[in-house]
Amino acid sequence: MDYTTFVKEIRNLPTPSPVLMRIENVLKNPESTASQVADVIRLDPAITSKVLRLANSAYVGVVRTVTSLQNAVVLLGSKRVHSIVLASELLNAVTIRQSGGFRLDLYWLHSVTTALIAEGIAGYVQKGELLDTSEVFVAALLHDIGKMVLAKLMPDAISAAALRAQESKTPYWKNEEPEVHHTVTGKYLSEHWSFPSLLTDCICKHHQPETSAESALVVSIIHISDVTAHMIGRSVTEHEVAPEISPFALSKVALSPEQFKVIATKAIEDRKRVDSLLEMFNVSPAV
């Protein structure tokens, strides 16, 4: 497949469902309520089921059973609920087949681990402004979405990059073809689905956070979380070499080694929370 055809195929992928678009319209209003978000979600029984399952899972850790969709939205937060809907929509739109360099279970394990680490870092970081941990969680969960698009449209590109990375013993992202790099592919999908600028920035620049301007702090958090997930062996392709952490990102986040250790350890060892999120994407528990 040539480059022009590849870009055209991305733009031919299904667009967001009316439910997702209505949720986004509700969230654009700062005065919107959990009740309004719940009213939209009720239009889709499958999404309703996922939201209630997650609200009753180890990810939230509540003792009592949550049966009200509105209460579930309150517990999870409207933006985190939006992330569930968005990820589910993407999973439906980008139906993939396994390839020699890509496994869907490893992809989601990496993404979920990155999201939990990023959520923890965002809770610690104070930069004179309040960070929205839900936005950070969403950006971390979807930072590698370009790889899913490649697995659907150009699986051979993933296999070839994975092989080059293994042979050269260098990080996967440095062995991709520039025109079909997963960050470039993610950018095209971001444009097709009209993602918010923060999410697009994290998808495009998480390997080079120093190139981000307005979103530098959040992109740095995603970068560090992504690299950490690789360091503990939770990579998207097998036998990956972990990328190096950007000094720029470390200076931007400015966590102490002790704080970072606590955050990473919690995300790694809390298997029940990881498994709860994996179930949302029909992936077997982490091994």
# chains A, B, ... in the order shown; residues from 1 in each chain; ligands from 1

$ residues_around --residues "region 237-239 of chain A" --least-positions-apart "6" --cutoff "10 Å" --atoms "only C-alpha atoms" --output "PDB file with N, CA and C atoms, in the first residue's frame"
ATOM      1  N   GLY A 100       2.759 -10.515  13.052  1.00  0.00           N
ATOM      2  CA  GLY A 100       3.981 -11.001  13.664  1.00  0.00           C
ATOM      3  C   GLY A 100       4.571 -10.049  14.680  1.00  0.00           C
ATOM      4  N   GLY A 101       4.279  -8.760  14.542  1.00  0.00           N
ATOM      5  CA  GLY A 101       4.859  -7.794  15.466  1.00  0.00           C
ATOM      6  C   GLY A 101       3.869  -7.169  16.410  1.00  0.00           C
ATOM      7  N   PHE A 102       2.605  -7.612  16.375  1.00  0.00           N
ATOM      8  CA  PHE A 102       1.575  -6.934  17.178  1.00  0.00           C
ATOM      9  C   PHE A 102       0.632  -7.947  17.809  1.00  0.00           C
ATOM     10  N   ARG A 103       0.438  -7.777  19.142  1.00  0.00           N
ATOM     11  CA  ARG A 103      -0.554  -8.576  19.870  1.00  0.00           C
ATOM     12  C   ARG A 103      -1.462  -7.623  20.621  1.00  0.00           C
ATOM     13  N   LEU A 104      -2.771  -7.792  20.428  1.00  0.00           N
ATOM     14  CA  LEU A 104      -3.732  -6.883  21.032  1.00  0.00           C
ATOM     15  C   LEU A 104      -3.671  -6.926  22.553  1.00  0.00           C
ATOM     16  N   LEU A 106      -1.034  -7.490  24.456  1.00  0.00           N
ATOM     17  CA  LEU A 106       0.136  -6.731  24.908  1.00  0.00           C
ATOM     18  C   LEU A 106      -0.083  -5.234  24.729  1.00  0.00           C
ATOM     19  N   TYR A 107      -0.765  -4.884  23.646  1.00  0.00           N
ATOM     20  CA  TYR A 107      -1.059  -3.467  23.404  1.00  0.00           C
ATOM     21  C   TYR A 107      -1.861  -2.879  24.559  1.00  0.00           C
ATOM     22  N   HIS A 110       0.067  -2.730  27.930  1.00  0.00           N
ATOM     23  CA  HIS A 110       0.977  -1.576  27.930  1.00  0.00           C
ATOM     24  C   HIS A 110       0.205  -0.277  28.138  1.00  0.00           C
ATOM     25  N   ILE A 158       4.546  -2.908  11.064  1.00  0.00           N
ATOM     26  CA  ILE A 158       4.854  -3.181  12.469  1.00  0.00           C
ATOM     27  C   ILE A 158       5.851  -4.325  12.572  1.00  0.00           C
ATOM     28  N   SER A 159       5.611  -5.402  11.828  1.00  0.00           N
ATOM     29  CA  SER A 159       6.518  -6.552  11.865  1.00  0.00           C
ATOM     30  C   SER A 159       7.929  -6.165  11.445  1.00  0.00           C
ATOM     31  N   ALA A 161       9.360  -3.132  11.517  1.00  0.00           N
ATOM     32  CA  ALA A 161       9.978  -2.252  12.514  1.00  0.00           C
ATOM     33  C   ALA A 161      10.401  -3.046  13.743  1.00  0.00           C
ATOM     34  N   ALA A 162       9.574  -4.008  14.157  1.00  0.00           N
ATOM     35  CA  ALA A 162       9.903  -4.838  15.319  1.00  0.00           C
ATOM     36  C   ALA A 162      11.156  -5.666  15.052  1.00  0.00           C
ATOM     37  N   LEU A 163      11.274  -6.191  13.833  1.00  0.00           N
ATOM     38  CA  LEU A 163      12.455  -6.982  13.469  1.00  0.00           C
ATOM     39  C   LEU A 163      13.702  -6.111  13.455  1.00  0.00           C
ATOM     40  N   ALA A 165      14.193  -3.423  15.131  1.00  0.00           N
ATOM     41  CA  ALA A 165      14.484  -3.047  16.521  1.00  0.00           C
ATOM     42  C   ALA A 165      15.209  -4.173  17.251  1.00  0.00           C
ATOM     43  N   GLN A 166      14.769  -5.407  17.027  1.00  0.00           N
ATOM     44  CA  GLN A 166      15.423  -6.551  17.672  1.00  0.00           C
ATOM     45  C   GLN A 166      16.847  -6.733  17.166  1.00  0.00           C
ATOM     46  N   LYS A 169      18.894  -3.805  18.435  1.00  0.00           N
ATOM     47  CA  LYS A 169      18.802  -3.630  19.892  1.00  0.00           C
ATOM     48  C   LYS A 169      18.579  -2.157  20.261  1.00  0.00           C
ATOM     49  N   TYR A 172      11.867   0.439  19.557  1.00  0.00           N
ATOM     50  CA  TYR A 172      10.979   0.219  18.409  1.00  0.00           C
ATOM     51  C   TYR A 172      10.693   1.508  17.648  1.00  0.00           C
ATOM     52  N   HIS A 230       7.585   0.240  29.522  1.00  0.00           N
ATOM     53  CA  HIS A 230       8.552  -0.544  28.745  1.00  0.00           C
ATOM     54  C   HIS A 230       9.621  -1.148  29.659  1.00  0.00           C
TER      55      HIS A 230
END

$ select_by_dssp --residues "region 179-274 of chain A" --states "alpha helix (DSSP H)" --output "ChimeraX atom specification"
/A:182-193,197-205,216-231,247-253,257-269,271-274

$ write_last_selection --atoms "C-alpha atoms" --output "tab-separated table (two decimals), in the first residue's frame"
chain	number	residue	atom	x	y	z
A	182	HIS	CA	2.76	5.29	14.80
A	183	THR	CA	2.82	8.90	16.00
A	184	VAL	CA	2.12	10.16	12.46
A	185	THR	CA	-0.60	7.56	12.00
A	186	GLY	CA	-2.08	8.59	15.34
A	187	LYS	CA	-2.07	12.22	14.18
A	188	TYR	CA	-4.13	11.35	11.10
A	189	LEU	CA	-6.64	9.44	13.25
A	190	SER	CA	-6.76	12.37	15.69
A	191	GLU	CA	-7.69	14.69	12.84
A	192	HIS	CA	-10.25	12.24	11.46
A	193	TRP	CA	-11.95	11.92	14.87
A	197	SER	CA	-5.51	19.31	21.03
A	198	LEU	CA	-4.08	17.95	24.31
A	199	LEU	CA	-4.83	14.35	23.34
A	200	THR	CA	-3.44	14.88	19.84
A	201	ASP	CA	-0.26	16.41	21.27
A	202	CYS	CA	0.30	13.41	23.55
A	203	ILE	CA	-0.28	10.96	20.70
A	204	CYS	CA	2.11	12.81	18.36
A	205	LYS	CA	4.88	13.86	20.75
A	216	ALA	CA	4.63	20.02	27.68
A	217	LEU	CA	3.81	18.95	31.24
A	218	VAL	CA	1.16	16.40	30.31
A	219	VAL	CA	3.19	15.08	27.35
A	220	SER	CA	6.16	14.69	29.73
A	221	ILE	CA	4.01	12.69	32.16
A	222	ILE	CA	2.85	10.41	29.33
A	223	HIS	CA	6.45	10.03	28.11
A	224	ILE	CA	7.78	8.99	31.52
A	225	SER	CA	4.86	6.62	32.11
A	226	ASP	CA	5.30	5.05	28.67
A	227	VAL	CA	9.02	4.47	29.19
A	228	THR	CA	8.40	3.04	32.66
A	229	ALA	CA	5.89	0.55	31.25
A	230	HIS	CA	8.55	-0.54	28.75
A	231	MET	CA	11.18	-0.82	31.49
A	247	PRO	CA	15.90	14.73	30.65
A	248	PHE	CA	13.45	17.45	29.59
A	249	ALA	CA	10.51	15.35	30.79
A	250	LEU	CA	12.20	14.59	34.10
A	251	SER	CA	12.87	18.27	34.73
A	252	LYS	CA	9.30	19.16	33.76
A	253	VAL	CA	7.69	16.64	36.11
A	257	PRO	CA	12.98	9.29	43.28
A	258	GLU	CA	10.97	8.21	46.32
A	259	GLN	CA	7.70	9.57	44.92
A	260	PHE	CA	8.34	8.02	41.54
A	261	LYS	CA	9.08	4.64	43.11
A	262	VAL	CA	5.84	4.70	45.11
A	263	ILE	CA	3.76	5.58	42.02
A	264	ALA	CA	5.36	3.00	39.74
A	265	THR	CA	5.22	0.23	42.34
A	266	LYS	CA	1.54	0.85	43.02
A	267	ALA	CA	0.65	0.75	39.33
A	268	ILE	CA	2.69	-2.39	38.72
A	269	GLU	CA	1.58	-4.39	41.75
A	271	ARG	CA	-3.09	-6.40	39.54
A	272	LYS	CA	-6.80	-6.13	40.30
A	273	ARG	CA	-6.99	-2.57	38.98
A	274	VAL	CA	-5.03	-3.52	35.88

$ atom_distance --atom1 "CA of Pro209 (chain A)" --atom2 "CA of Ile117 (chain A)"
16.9 Å

$ closest_residue --among "A:Ala160, A:Ala122, A:Leu90, A:Met280" --to "Pro16 (chain A)" --atoms "only C-alpha atoms"
A:Leu90

$ closest_residue --among "A:Ile47, A:Ala157, A:Arg80, A:Ser168" --to "Asp132 (chain A)" --atoms "only C-alpha atoms"
A:Arg80

$ residues_around --residues "Val149 (chain A)" --least-positions-apart "2" --cutoff "9 Å" --atoms "only C-alpha atoms" --output "tab-separated table (two decimals) with N, CA and C atoms, in the first residue's frame"
chain	number	residue	atom	x	y	z
A	10	ILE	N	-7.10	5.64	6.28
A	10	ILE	CA	-7.35	6.15	7.64
A	10	ILE	C	-8.59	7.03	7.64
A	94	VAL	N	-11.51	0.15	14.72
A	94	VAL	CA	-10.23	-0.37	14.24
A	94	VAL	C	-10.13	-1.85	14.58
A	95	THR	N	-10.96	-2.66	13.95
A	95	THR	CA	-10.91	-4.11	14.14
A	95	THR	C	-9.64	-4.61	13.49
A	96	ILE	N	-8.81	-5.30	14.27
A	96	ILE	CA	-7.50	-5.68	13.74
A	96	ILE	C	-7.31	-7.19	13.74
A	145	ILE	N	-2.36	4.77	20.02
A	145	ILE	CA	-3.47	4.35	19.17
A	145	ILE	C	-3.06	4.21	17.70
A	146	GLY	N	-2.02	4.93	17.29
A	146	GLY	CA	-1.53	4.80	15.92
A	146	GLY	C	-1.09	3.39	15.59
A	147	LYS	N	-0.62	2.65	16.60
A	147	LYS	CA	-0.19	1.27	16.37
A	147	LYS	C	-1.38	0.37	16.04
A	151	ALA	N	-1.80	-1.79	12.72
A	151	ALA	CA	-2.06	-3.23	12.79
A	151	ALA	C	-3.23	-3.62	11.89
A	152	LYS	N	-4.15	-2.70	11.70
A	152	LYS	CA	-5.29	-2.96	10.81
A	152	LYS	C	-4.93	-2.75	9.34
A	153	LEU	N	-4.27	-1.64	9.05
A	153	LEU	CA	-4.06	-1.24	7.65
A	153	LEU	C	-2.72	-1.69	7.07
A	154	MET	N	-1.66	-1.68	7.91
A	154	MET	CA	-0.33	-2.04	7.42
A	154	MET	C	0.42	-2.88	8.45
A	155	PRO	N	-0.08	-4.08	8.75
A	155	PRO	CA	0.57	-4.91	9.77
A	155	PRO	C	2.02	-5.25	9.46
A	182	HIS	N	4.04	5.38	14.07
A	182	HIS	CA	2.76	5.29	14.80
A	182	HIS	C	2.30	6.65	15.32
A	185	THR	N	0.68	8.24	12.23
A	185	THR	CA	-0.60	7.56	12.00
A	185	THR	C	-1.63	8.00	13.03
A	186	GLY	N	-1.19	8.11	14.29
A	186	GLY	CA	-2.08	8.59	15.34
A	186	GLY	C	-2.56	10.01	15.09
A	189	LEU	N	-5.40	9.89	12.60
A	189	LEU	CA	-6.64	9.44	13.25
A	189	LEU	C	-7.20	10.54	14.14

$ atom_distance --atom1 "CA of Glu244 (chain A)" --atom2 "CA of Thr133 (chain A)"
24.3 Å

$ atom_distance --atom1 "CA of Asn282 (chain A)" --atom2 "CA of Ala87 (chain A)"
11.9 Å
